[in-house]
file work20.csv (CSV, C-alpha atoms and all ligand atoms)
chain,number,residue,atom,x,y,z
A,31,MET,CA,-45.7,147.7,4.0
A,32,ALA,CA,-46.1,144.1,2.8
A,33,GLN,CA,-45.5,143.4,-0.8
A,34,ASN,CA,-47.6,140.2,-0.8
A,35,PHE,CA,-50.8,139.0,0.7
A,36,ALA,CA,-50.2,137.1,3.9
A,37,PHE,CA,-52.1,135.9,7.0
A,38,THR,CA,-50.4,135.6,10.4
A,39,LEU,CA,-52.3,133.9,13.2
A,40,ASN,CA,-51.3,135.5,16.5
A,41,ALA,CA,-53.4,133.7,19.1
A,42,THR,CA,-56.3,131.3,19.5
A,43,ASP,CA,-58.8,130.8,22.3
A,44,GLY,CA,-60.9,127.7,21.8
A,45,ALA,CA,-61.9,127.9,18.2
A,46,ALA,CA,-61.7,131.7,18.2
A,47,ARG,CA,-58.6,133.2,16.4
A,48,THR,CA,-56.9,136.6,16.1
A,49,GLY,CA,-54.3,137.6,13.6
A,50,VAL,CA,-53.3,140.0,10.9
A,51,ILE,CA,-53.8,139.9,7.1
A,52,SER,CA,-51.0,141.9,5.4
A,53,THR,CA,-51.6,143.5,2.0
A,54,PRO,CA,-49.7,146.2,0.0
A,55,ARG,CA,-52.5,148.6,1.0
A,56,GLY,CA,-52.3,148.0,4.7
A,57,GLU,CA,-53.0,145.5,7.5
A,58,ILE,CA,-56.3,144.0,8.4
A,59,ARG,CA,-56.7,143.0,12.0
A,60,THR,CA,-58.7,139.9,12.5
A,61,PRO,CA,-61.4,139.1,13.4
A,62,ALA,CA,-62.4,141.9,11.1
A,63,PHE,CA,-65.8,143.5,10.3
A,64,MET,CA,-66.0,145.0,6.8
A,65,PRO,CA,-68.5,147.8,6.3
A,66,VAL,CA,-70.3,147.5,2.9
A,67,GLY,CA,-69.7,150.2,0.3
A,68,THR,CA,-72.2,149.0,-2.2
A,69,ALA,CA,-72.0,151.7,-4.9
A,70,ALA,CA,-68.5,152.9,-4.1
A,71,THR,CA,-69.6,154.6,-0.9
A,72,VAL,CA,-70.6,153.5,2.6
A,73,LYS,CA,-73.8,155.4,2.6
A,74,ALA,CA,-73.9,158.6,4.7
A,75,MET,CA,-70.2,158.3,5.6
A,76,LEU,CA,-67.0,160.0,4.3
A,77,PRO,CA,-64.2,157.4,3.8
A,78,GLU,CA,-62.1,159.0,6.5
A,79,SER,CA,-65.0,158.7,8.9
A,80,VAL,CA,-65.3,155.0,8.1
A,81,ARG,CA,-61.6,154.7,8.9
A,82,ALA,CA,-62.1,156.6,12.2
A,83,THR,CA,-64.6,154.0,13.3
A,84,GLY,CA,-61.7,151.4,13.2
A,85,ALA,CA,-62.4,149.7,9.8
A,86,ASP,CA,-59.3,148.3,8.1
A,87,ILE,CA,-61.1,147.1,4.9
A,88,LEU,CA,-64.3,147.8,3.0
A,89,LEU,CA,-66.4,145.6,0.8
A,90,GLY,CA,-67.5,146.7,-2.7
A,91,ASN,CA,-70.2,145.0,-4.8
A,92,THR,CA,-69.3,143.8,-8.2
A,93,TYR,CA,-72.9,143.6,-9.4
A,94,HIS,CA,-73.7,147.2,-8.5
A,95,LEU,CA,-70.5,148.6,-9.8
A,96,MET,CA,-70.5,146.7,-13.1
A,97,LEU,CA,-73.9,148.2,-13.9
A,98,ARG,CA,-73.1,151.7,-12.7
A,99,PRO,CA,-70.7,153.3,-13.2
A,100,THR,CA,-69.2,150.2,-14.9
A,101,ALA,CA,-65.9,148.5,-14.1
A,102,GLU,CA,-64.3,149.9,-17.3
A,103,ARG,CA,-65.1,153.5,-16.3
A,104,VAL,CA,-63.8,152.9,-12.8
A,105,ALA,CA,-60.6,151.5,-14.3
A,106,ARG,CA,-60.2,154.5,-16.6
A,107,LEU,CA,-60.5,156.8,-13.6
A,108,GLY,CA,-57.7,155.0,-11.8
A,109,GLY,CA,-59.4,152.2,-10.0
A,110,LEU,CA,-61.9,151.9,-7.1
A,111,HIS,CA,-59.6,153.0,-4.3
A,112,LYS,CA,-58.8,156.3,-6.1
A,113,PHE,CA,-62.4,156.7,-7.4
A,114,MET,CA,-63.9,156.5,-3.9
A,115,ASN,CA,-61.0,158.0,-2.0
A,116,TRP,CA,-60.3,154.9,0.2
A,117,GLU,CA,-56.6,153.9,0.0
A,118,ARG,CA,-56.8,150.9,2.3
A,119,PRO,CA,-57.8,147.3,1.3
A,120,ILE,CA,-61.0,146.6,-0.5
A,121,LEU,CA,-62.7,143.2,-0.9
A,122,THR,CA,-65.2,142.8,-3.8
A,123,ASP,CA,-67.8,140.1,-4.0
A,124,SER,CA,-68.1,138.1,-7.2
A,125,GLY,CA,-71.6,139.5,-8.2
A,126,GLY,CA,-73.1,136.0,-8.1
A,127,PHE,CA,-75.1,136.5,-4.9
A,128,GLN,CA,-76.7,139.8,-6.1
A,129,VAL,CA,-77.5,138.5,-9.6
A,130,MET,CA,-79.6,135.9,-7.8
A,131,SER,CA,-81.2,138.4,-5.4
A,132,LEU,CA,-81.6,141.5,-7.5
A,133,ALA,CA,-81.5,140.9,-11.2
A,134,SER,CA,-84.5,139.7,-13.3
A,135,LEU,CA,-84.8,137.4,-16.3
A,136,ARG,CA,-81.9,135.3,-15.2
A,137,LYS,CA,-80.7,132.5,-17.4
A,138,MET,CA,-78.1,130.2,-16.0
A,139,THR,CA,-75.9,127.8,-17.9
A,140,GLU,CA,-72.6,126.0,-17.2
A,141,GLU,CA,-71.0,129.0,-18.9
A,142,GLY,CA,-72.4,131.7,-16.6
A,143,VAL,CA,-75.5,133.8,-16.0
A,144,THR,CA,-77.3,136.2,-18.4
A,145,PHE,CA,-79.5,138.7,-16.6
A,146,SER,CA,-81.3,142.0,-16.9
A,147,SER,CA,-80.2,145.0,-14.8
A,148,HIS,CA,-82.6,146.0,-12.0
A,149,ILE,CA,-81.8,149.6,-12.9
A,150,ASP,CA,-82.7,149.9,-16.6
A,151,GLY,CA,-83.4,146.4,-17.8
A,152,SER,CA,-80.2,146.2,-19.9
A,153,LYS,CA,-78.8,142.8,-20.6
A,154,HIS,CA,-75.6,141.6,-19.0
A,155,PHE,CA,-73.5,138.4,-18.6
A,156,LEU,CA,-71.5,137.2,-15.7
A,157,SER,CA,-69.2,134.2,-15.6
A,158,PRO,CA,-66.2,133.2,-13.6
A,159,GLU,CA,-63.9,134.8,-16.2
A,160,ARG,CA,-66.0,138.0,-16.5
A,161,SER,CA,-66.2,138.3,-12.7
A,162,MET,CA,-62.4,138.0,-12.4
A,163,GLU,CA,-62.0,140.7,-15.1
A,164,ILE,CA,-64.4,143.1,-13.4
A,165,GLN,CA,-62.7,142.7,-10.0
A,166,ARG,CA,-59.3,143.2,-11.6
A,167,LEU,CA,-60.6,146.4,-13.4
A,168,LEU,CA,-61.9,147.7,-10.0
A,169,GLY,CA,-58.5,147.0,-8.5
A,170,SER,CA,-59.9,144.9,-5.6
A,171,ASP,CA,-57.3,143.6,-3.1
A,172,ILE,CA,-59.3,140.5,-2.1
A,173,VAL,CA,-61.2,139.0,-5.0
A,174,MET,CA,-64.0,136.5,-4.5
A,175,ALA,CA,-64.5,133.4,-6.8
A,176,PHE,CA,-67.7,133.4,-8.8
A,177,ASP,CA,-70.3,131.1,-7.2
A,178,GLU,CA,-74.0,130.3,-7.1
A,179,CYS,CA,-75.8,130.5,-3.8
A,180,PRO,CA,-79.2,129.0,-3.7
A,181,ALA,CA,-81.7,130.5,-1.4
A,182,LEU,CA,-82.8,128.3,1.6
A,183,PRO,CA,-84.9,126.3,2.0
A,184,ALA,CA,-83.8,124.2,-1.0
A,185,THR,CA,-83.8,120.5,-1.6
A,186,ASP,CA,-80.5,118.6,-1.0
A,187,GLU,CA,-80.3,117.8,-4.7
A,188,GLU,CA,-80.6,121.5,-5.5
A,189,VAL,CA,-78.0,122.5,-2.9
A,190,ALA,CA,-75.6,119.8,-4.1
A,191,ARG,CA,-76.1,120.8,-7.8
A,192,ALA,CA,-75.4,124.5,-7.0
A,193,MET,CA,-72.4,123.5,-4.9
A,194,ARG,CA,-70.8,121.3,-7.6
A,195,LEU,CA,-71.4,124.0,-10.2
A,196,SER,CA,-69.8,126.5,-7.8
A,197,MET,CA,-66.7,124.2,-7.5
A,198,ARG,CA,-66.3,124.0,-11.2
A,199,TRP,CA,-66.6,127.8,-11.4
A,200,ALA,CA,-64.1,128.1,-8.5
A,201,GLN,CA,-61.5,126.3,-10.7
A,202,ARG,CA,-62.3,128.6,-13.6
A,203,SER,CA,-62.1,131.6,-11.3
A,204,ARG,CA,-58.6,130.4,-10.1
A,205,ASP,CA,-57.5,129.9,-13.8
A,206,ALA,CA,-58.8,133.3,-14.9
A,207,PHE,CA,-57.4,135.2,-11.8
A,208,GLY,CA,-53.8,134.1,-12.7
A,209,ASP,CA,-50.8,135.2,-10.8
A,210,ARG,CA,-51.3,138.7,-9.3
A,211,PRO,CA,-48.8,139.4,-6.5
A,212,GLY,CA,-50.3,141.5,-3.7
A,213,HIS,CA,-53.8,140.5,-4.6
A,214,ALA,CA,-55.7,137.5,-3.1
A,215,LEU,CA,-58.4,135.2,-4.4
A,216,PHE,CA,-60.8,133.6,-2.0
A,217,GLY,CA,-62.7,130.4,-2.7
A,218,ILE,CA,-66.3,130.1,-1.4
A,219,MET,CA,-67.5,127.0,0.3
A,220,GLN,CA,-71.2,126.1,-0.4
A,221,GLY,CA,-73.3,123.1,0.6
A,222,GLY,CA,-76.2,124.7,2.6
A,223,VAL,CA,-76.8,123.1,6.0
A,224,THR,CA,-75.6,119.6,5.0
A,225,ARG,CA,-72.3,118.5,6.6
A,226,GLU,CA,-71.3,116.1,3.9
A,227,LEU,CA,-71.8,118.7,1.2
A,228,ARG,CA,-69.8,121.3,3.2
A,229,GLU,CA,-67.0,118.8,3.5
A,230,GLU,CA,-67.1,117.9,-0.2
A,231,SER,CA,-67.0,121.6,-1.1
A,232,ALA,CA,-64.1,122.3,1.3
A,233,GLU,CA,-62.1,119.4,-0.2
A,234,ALA,CA,-62.7,120.7,-3.7
A,235,LEU,CA,-61.6,124.2,-2.8
A,236,LYS,CA,-58.4,123.0,-1.0
A,237,ALA,CA,-57.5,120.9,-4.0
A,238,ILE,CA,-57.6,124.1,-6.2
A,239,GLY,CA,-55.8,126.2,-3.6
A,240,PHE,CA,-56.9,129.7,-2.5
A,241,ASP,CA,-55.4,132.6,-0.5
A,242,GLY,CA,-58.5,132.5,1.8
A,243,TYR,CA,-61.7,130.7,2.1
A,244,ALA,CA,-65.3,132.0,2.5
A,245,ILE,CA,-68.2,130.2,4.0
A,246,GLY,CA,-71.0,131.1,1.7
A,247,GLY,CA,-74.7,130.2,1.6
A,248,LEU,CA,-75.4,131.2,5.2
A,249,ALA,CA,-77.3,134.2,6.5
A,250,VAL,CA,-79.8,133.6,3.7
A,251,GLY,CA,-82.8,132.9,5.9
A,252,GLU,CA,-81.9,129.6,7.7
A,253,GLY,CA,-81.9,131.3,11.1
A,254,GLN,CA,-79.1,131.7,13.7
A,255,ALA,CA,-79.4,128.2,15.2
A,256,ALA,CA,-78.9,126.5,11.8
A,257,MET,CA,-76.1,128.9,10.9
A,258,PHE,CA,-74.3,128.2,14.2
A,259,GLY,CA,-74.9,124.5,13.6
A,260,VAL,CA,-72.9,124.7,10.3
A,261,LEU,CA,-70.3,126.9,11.9
A,262,ASP,CA,-69.7,124.3,14.6
A,263,TYR,CA,-68.0,122.1,12.0
A,264,ALA,CA,-67.5,124.0,8.7
A,265,PRO,CA,-64.5,126.3,9.7
A,266,GLY,CA,-62.7,123.1,10.8
A,267,PHE,CA,-62.8,121.8,7.2
A,268,LEU,CA,-60.8,124.8,6.0
A,269,PRO,CA,-57.0,125.3,6.3
A,270,ALA,CA,-56.0,126.8,9.7
A,271,ASP,CA,-53.3,129.0,8.1
A,272,LYS,CA,-55.7,130.9,5.8
A,273,PRO,CA,-58.3,133.5,6.6
A,274,ARG,CA,-61.9,132.4,6.9
A,275,TYR,CA,-64.6,134.8,5.8
A,276,LEU,CA,-68.3,134.4,6.7
A,277,MET,CA,-70.3,136.3,4.1
A,278,GLY,CA,-73.2,138.7,4.9
A,279,VAL,CA,-73.1,138.4,8.7
A,280,GLY,CA,-74.6,139.9,10.7
A,281,LYS,CA,-76.2,141.1,13.9
A,282,PRO,CA,-73.8,141.7,16.9
A,283,ASP,CA,-74.7,138.3,18.5
A,284,ASP,CA,-74.2,136.5,15.1
A,285,ILE,CA,-70.8,138.1,14.9
A,286,VAL,CA,-69.7,137.1,18.4
A,287,GLY,CA,-71.0,133.6,17.8
A,288,ALA,CA,-69.2,133.3,14.5
A,289,VAL,CA,-65.9,134.4,15.8
A,290,LYS,CA,-66.3,132.0,18.7
A,291,ARG,CA,-66.6,129.2,16.1
A,292,GLY,CA,-63.4,130.2,14.2
A,293,VAL,CA,-64.5,132.9,11.7
A,294,ASP,CA,-61.9,135.7,10.9
A,295,MET,CA,-63.8,138.1,8.6
A,296,MET,CA,-67.4,139.2,8.1
A,297,ASP,CA,-69.4,141.9,6.3
A,298,CYS,CA,-72.9,143.2,6.6
A,299,VAL,CA,-75.0,146.2,5.5
A,300,LEU,CA,-76.8,146.1,8.8
A,301,PRO,CA,-75.0,148.9,10.8
A,302,SER,CA,-75.3,151.3,7.9
A,303,ARG,CA,-78.8,150.3,6.7
A,304,SER,CA,-80.1,150.4,10.3
A,305,GLY,CA,-78.6,153.8,10.7
A,306,ARG,CA,-80.7,155.2,8.0
A,307,THR,CA,-83.9,153.8,9.4
A,308,GLY,CA,-83.6,155.1,12.9
A,309,GLN,CA,-82.2,151.9,14.4
A,310,ALA,CA,-79.2,152.0,16.7
A,311,TRP,CA,-77.2,149.0,18.0
A,312,THR,CA,-75.7,149.5,21.4
A,313,ARG,CA,-74.1,147.4,24.2
A,314,ARG,CA,-77.6,147.1,25.6
A,315,GLY,CA,-79.2,145.9,22.4
A,316,GLN,CA,-81.3,147.7,19.8
A,317,VAL,CA,-82.6,151.2,20.3
A,318,ASN,CA,-85.4,152.6,18.1
A,319,ILE,CA,-84.7,156.3,18.1
A,320,LYS,CA,-88.1,157.0,16.5
A,321,ASN,CA,-89.9,156.1,19.7
A,322,ALA,CA,-91.6,159.0,21.5
A,323,ARG,CA,-89.8,158.1,24.8
A,324,HIS,CA,-86.6,159.8,23.4
A,325,ALA,CA,-88.2,163.1,22.5
A,326,ASP,CA,-87.3,164.8,25.8
A,327,ASP,CA,-84.3,162.7,26.8
A,328,PRO,CA,-81.1,164.8,27.1
A,329,ARG,CA,-78.9,161.6,27.6
A,330,PRO,CA,-76.6,160.2,24.9
A,331,LEU,CA,-77.5,157.0,23.0
A,332,ASP,CA,-74.8,155.2,25.0
A,333,GLU,CA,-72.9,157.1,27.7
A,334,ALA,CA,-69.9,154.8,27.3
A,335,CYS,CA,-69.5,155.3,23.6
A,336,SER,CA,-66.9,157.6,22.2
A,337,CYS,CA,-68.4,158.1,18.8
A,338,PRO,CA,-69.5,161.6,17.6
A,339,ALA,CA,-73.2,160.8,17.9
A,340,CYS,CA,-72.8,159.8,21.5
A,341,THR,CA,-70.3,162.5,22.6
A,342,GLY,CA,-72.0,165.5,20.9
A,343,TYR,CA,-75.7,164.8,20.8
A,344,SER,CA,-78.7,163.8,22.9
A,345,ARG,CA,-81.3,161.1,22.3
A,346,ALA,CA,-83.8,164.0,22.0
A,347,TYR,CA,-81.7,165.5,19.1
A,348,LEU,CA,-81.3,162.2,17.3
A,349,HIS,CA,-85.1,161.6,17.7
A,350,HIS,CA,-85.8,165.1,16.4
A,351,VAL,CA,-83.6,164.9,13.3
A,352,PHE,CA,-84.9,161.5,12.4
A,353,ARG,CA,-88.5,162.7,12.7
A,354,ALA,CA,-87.6,165.8,10.6
A,355,GLY,CA,-86.0,163.7,7.9
A,356,GLU,CA,-82.7,165.5,8.2
A,357,MET,CA,-79.7,163.9,6.6
A,358,ILE,CA,-77.6,164.2,9.7
A,359,SER,CA,-79.8,161.6,11.3
A,360,GLY,CA,-78.5,158.8,9.0
A,361,MET,CA,-75.0,160.2,9.3
A,362,LEU,CA,-74.9,160.1,13.1
A,363,LEU,CA,-76.6,156.8,13.6
A,364,THR,CA,-74.5,155.1,10.9
A,365,TRP,CA,-71.4,156.4,12.5
A,366,HIS,CA,-72.5,155.2,15.9
A,367,ASN,CA,-73.5,151.7,14.5
A,368,LEU,CA,-70.2,151.3,12.6
A,369,HIS,CA,-68.2,152.5,15.7
A,370,TYR,CA,-70.0,150.0,17.9
A,371,PHE,CA,-69.5,147.1,15.5
A,372,GLN,CA,-65.8,147.9,15.3
A,373,GLU,CA,-65.7,148.1,19.1
A,374,ILE,CA,-67.0,144.6,19.4
A,375,MET,CA,-64.3,143.4,17.0
A,376,GLN,CA,-61.6,145.2,19.0
A,377,GLY,CA,-62.9,143.7,22.2
A,378,MET,CA,-62.9,140.2,20.7
A,379,ARG,CA,-59.3,140.6,19.3
A,380,GLU,CA,-58.1,141.7,22.8
A,381,ALA,CA,-60.0,139.0,24.5
A,382,ILE,CA,-58.7,136.2,22.3
A,383,ALA,CA,-55.1,137.5,22.6
A,384,ALA,CA,-55.6,137.4,26.4
A,385,GLY,CA,-57.2,134.0,26.5
A,386,ARG,CA,-60.5,135.4,27.9
A,387,PHE,CA,-62.9,135.1,25.1
A,388,ALA,CA,-65.5,133.2,27.3
A,389,GLU,CA,-65.5,136.2,29.7
A,390,PHE,CA,-65.9,138.6,26.9
A,391,GLU,CA,-68.8,136.6,25.5
A,392,ALA,CA,-70.5,136.3,29.0
A,393,GLU,CA,-70.2,140.1,29.5
A,394,PHE,CA,-71.5,140.8,26.0
A,395,HIS,CA,-74.6,138.8,26.6
A,396,ALA,CA,-75.1,140.0,30.2
A,397,ARG,CA,-75.1,143.6,29.1
A,398,ARG,CA,-77.5,143.0,26.2
A,399,ALA,CA,-79.9,141.1,28.6
A,400,GLU,CA,-80.1,144.3,30.8
A,401,GLY,CA,-81.8,146.1,27.9
A,402,ASP,CA,-81.8,149.8,27.1
A,403,ILE,CA,-81.6,152.3,29.9
A,404,ALA,CA,-85.0,153.1,31.6
A,405,PRO,CA,-87.0,156.0,30.1
A,406,LEU,CA,-86.8,159.2,32.1
A,501,ZN,ZN,-71.9,156.1,19.8

call {"tool": "encode", "arguments": {"input": "work20.csv", "output": "C-alpha cells"}}
result
Amino acid sequence: MAQNFAFTLNATDGAARTGVISTPRGEIRTPAFMPVGTAATVKAMLPESVRATGADILLGNTYHLMLRPTAERVARLGGLHKFMNWERPILTDSGGFQVMSLASLRKMTEEGVTFSSHIDGSKHFLSPERSMEIQRLLGSDIVMAFDECPALPATDEEVARAMRLSMRWAQRSRDAFGDRPGHALFGIMQGGVTRELREESAEALKAIGFDGYAIGGLAVGEGQAAMFGVLDYAPGFLPADKPRYLMGVGKPDDIVGAVKRGVDMMDCVLPSRSGRTGQAWTRRGQVNIKNARHADDPRPLDEACSCPACTGYSRAYLHHVFRAGEMISGMLLTWHNLHYFQEIMQGMREAIAAGRFAEFEAEFHARRAEGDIAPL
C-alpha cells in the first residue's frame, strides 16, 4: 500500500486520460466516479454494497457533517472511515458550496462565512482555516480548499470577485493544511464561463501548488453546452501530472463528455437520489419505474446488467415496491444506478487504455438513442 498520495497517468487517448491515484487507504482508478455519502452514508446502501458496485472512493460533505453529528464527535469516535464503516479513500468538500446553497442568514467577509444551520438555525462560522480543521478531524484523504462558488448567471465582475477571493482563500487553505503525508489537498479553479478568468485562476492555483486540481463553478445551471465549452480549454490550464476533478457532475452523458475533455474524477448525488424517486439510468437512457407500462413486465430493468436489481427482480416487482412505498425500492434502484455509473467508468478506463475512446463514445450514444425496450 502506498505511504503517500501519488497520481500515475497510464494512458491517454485524445484529451481523455486513465491512471491511478495511490493513497495509504487504497488505489483510485481514474477516471473515477465518486458516490456521495452526504451524512456519512450513501443513502439506501451498505458501504460494502457501494464497494461492490466498483466505487474506489466516496465523497463526504463537510457542511452536513459539521452540523450533525459535528466533526469533533466524529473525531472522538475514531474518524469518518471508522464511523461509517468505509475503510477506503474519502474525499470531503470544503463546505463552501453548501453554505451558499443550503444555509440561511449568510454573512461573508474576507475572513470567512457566518451562517445559520438549515437544521436548527444555530449559528456557525466557516473559513479556510476552520474548513481545514473540520476535514482533518473527519480524517478525509482528499481535502478540498475552501472557496466561494457564485451561482450562474452572474456578472463578470461578480464572478471575478468571487474567483479572486477564492484564490486568497486557496492560499490560506494551503497554509492551514500544512504538511500531512498520505493526505492530499486539492485547489479549486473558479472563473465561471470566462476563459480569461479560468486561466487567471489556474495560474494562481499552480503558483500555490496543490496535489490535485478541481474545476469548480460548473454544473450550477449553465447547461451542458456551456459546461463543455469551458471543459474544452480549462483542463489544459492545469498540470498534466496531477488529478483533475470536476465537481458535482453529472448525468451519464455529462460524465462521458467530461472524461473526453480530460477530467479524471467526478461526483454526483444523481444515481442515489434518482434511485429514491423511481428513476433508473440504463444503457438505453432513463427509465421511470413508476410508469404503468412496467406493472406486468416480467423482464429485468436491463438484461445486460449484472447488478442485484437486474439479476433478481422484474420491472413489475420494481414498479410494485415503488408504488407501495417499500424501502427495498430505493435500495435496488440506487444499487442499479451506482452499478451502471461505475460500469461507464470501467468502460471508459478500458477504452482509453486501448486507444478506442471514440468508439466507446459512439457506442454509448448509439445505445442511448435506441431508447428503452418497447413495452410488452
Ligand atoms: Zn442493474

call {"tool": "closest_residue", "arguments": {"input": "work20.csv", "among": "A:Pro180, A:Gly208, A:Pro273, A:Gly292", "to": "Val250 of chain A", "atoms": "only C-alpha atoms"}}
result
A:Pro180

call {"tool": "residues_near_ligand", "arguments": {"input": "work20.csv", "ligand": "ligand ZN 501 (chain A)", "cutoff": "12 Å", "atoms": "only C-alpha atoms and all ligand atoms", "output": "PDB file with C-alpha atoms, in the coordinates of the input"}}
result
ATOM      1  CA  THR A  83     -64.600 154.000  13.300  1.00  0.00           C
ATOM      2  CA  PRO A 301     -75.000 148.900  10.800  1.00  0.00           C
ATOM      3  CA  GLY A 305     -78.600 153.800  10.700  1.00  0.00           C
ATOM      4  CA  ALA A 310     -79.200 152.000  16.700  1.00  0.00           C
ATOM      5  CA  TRP A 311     -77.200 149.000  18.000  1.00  0.00           C
ATOM      6  CA  THR A 312     -75.700 149.500  21.400  1.00  0.00           C
ATOM      7  CA  ARG A 313     -74.100 147.400  24.200  1.00  0.00           C
ATOM      8  CA  VAL A 317     -82.600 151.200  20.300  1.00  0.00           C
ATOM      9  CA  ARG A 329     -78.900 161.600  27.600  1.00  0.00           C
ATOM     10  CA  PRO A 330     -76.600 160.200  24.900  1.00  0.00           C
ATOM     11  CA  LEU A 331     -77.500 157.000  23.000  1.00  0.00           C
ATOM     12  CA  ASP A 332     -74.800 155.200  25.000  1.00  0.00           C
ATOM     13  CA  GLU A 333     -72.900 157.100  27.700  1.00  0.00           C
ATOM     14  CA  ALA A 334     -69.900 154.800  27.300  1.00  0.00           C
ATOM     15  CA  CYS A 335     -69.500 155.300  23.600  1.00  0.00           C
ATOM     16  CA  SER A 336     -66.900 157.600  22.200  1.00  0.00           C
ATOM     17  CA  CYS A 337     -68.400 158.100  18.800  1.00  0.00           C
ATOM     18  CA  PRO A 338     -69.500 161.600  17.600  1.00  0.00           C
ATOM     19  CA  ALA A 339     -73.200 160.800  17.900  1.00  0.00           C
ATOM     20  CA  CYS A 340     -72.800 159.800  21.500  1.00  0.00           C
ATOM     21  CA  THR A 341     -70.300 162.500  22.600  1.00  0.00           C
ATOM     22  CA  GLY A 342     -72.000 165.500  20.900  1.00  0.00           C
ATOM     23  CA  TYR A 343     -75.700 164.800  20.800  1.00  0.00           C
ATOM     24  CA  SER A 344     -78.700 163.800  22.900  1.00  0.00           C
ATOM     25  CA  ARG A 345     -81.300 161.100  22.300  1.00  0.00           C
ATOM     26  CA  LEU A 348     -81.300 162.200  17.300  1.00  0.00           C
ATOM     27  CA  MET A 361     -75.000 160.200   9.300  1.00  0.00           C
ATOM     28  CA  LEU A 362     -74.900 160.100  13.100  1.00  0.00           C
ATOM     29  CA  LEU A 363     -76.600 156.800  13.600  1.00  0.00           C
ATOM     30  CA  THR A 364     -74.500 155.100  10.900  1.00  0.00           C
ATOM     31  CA  TRP A 365     -71.400 156.400  12.500  1.00  0.00           C
ATOM     32  CA  HIS A 366     -72.500 155.200  15.900  1.00  0.00           C
ATOM     33  CA  ASN A 367     -73.500 151.700  14.500  1.00  0.00           C
ATOM     34  CA  LEU A 368     -70.200 151.300  12.600  1.00  0.00           C
ATOM     35  CA  HIS A 369     -68.200 152.500  15.700  1.00  0.00           C
ATOM     36  CA  TYR A 370     -70.000 150.000  17.900  1.00  0.00           C
ATOM     37  CA  PHE A 371     -69.500 147.100  15.500  1.00  0.00           C
ATOM     38  CA  GLN A 372     -65.800 147.900  15.300  1.00  0.00           C
ATOM     39  CA  GLU A 373     -65.700 148.100  19.100  1.00  0.00           C
TER      40      GLU A 373
END

call {"tool": "closest_residue", "arguments": {"input": "work20.csv", "among": "A:Ala206, A:Ile120, A:Val72, A:Ala264", "to": "Ile218 of chain A", "atoms": "all atoms listed in the file"}}
result
A:Ala264

call {"tool": "closest_residue", "arguments": {"input": "work20.csv", "among": "A:Arg314, A:His350, A:His94, A:Arg306", "to": "Lys73 of chain A", "atoms": "only C-alpha atoms"}}
result
A:Arg306

call {"tool": "atom_distance", "arguments": {"input": "work20.csv", "atom1": "atom CA of Ala237 of chain A", "atom2": "atom CA of Ala200 of chain A"}}
result
10.8 Å

call {"tool": "residues_around", "arguments": {"input": "work20.csv", "residues": "Gly90 of chain A", "least_positions_apart": "5", "cutoff": "7 Å", "atoms": "all atoms listed in the file", "output": "JSON, numbers by chain"}}
result
{"A": [66, 67, 68, 70, 120, 121, 122, 123]}

call {"tool": "atom_distance", "arguments": {"input": "work20.csv", "atom1": "atom CA of Ala354 of chain A", "atom2": "atom CA of Gly308 of chain A"}}
result
11.7 Å

call {"tool": "closest_residue", "arguments": {"input": "work20.csv", "among": "A:Gly84, A:Gly217, A:Gly109, A:Pro282", "to": "Ile245 of chain A", "atoms": "only C-alpha atoms"}}
result
A:Gly217
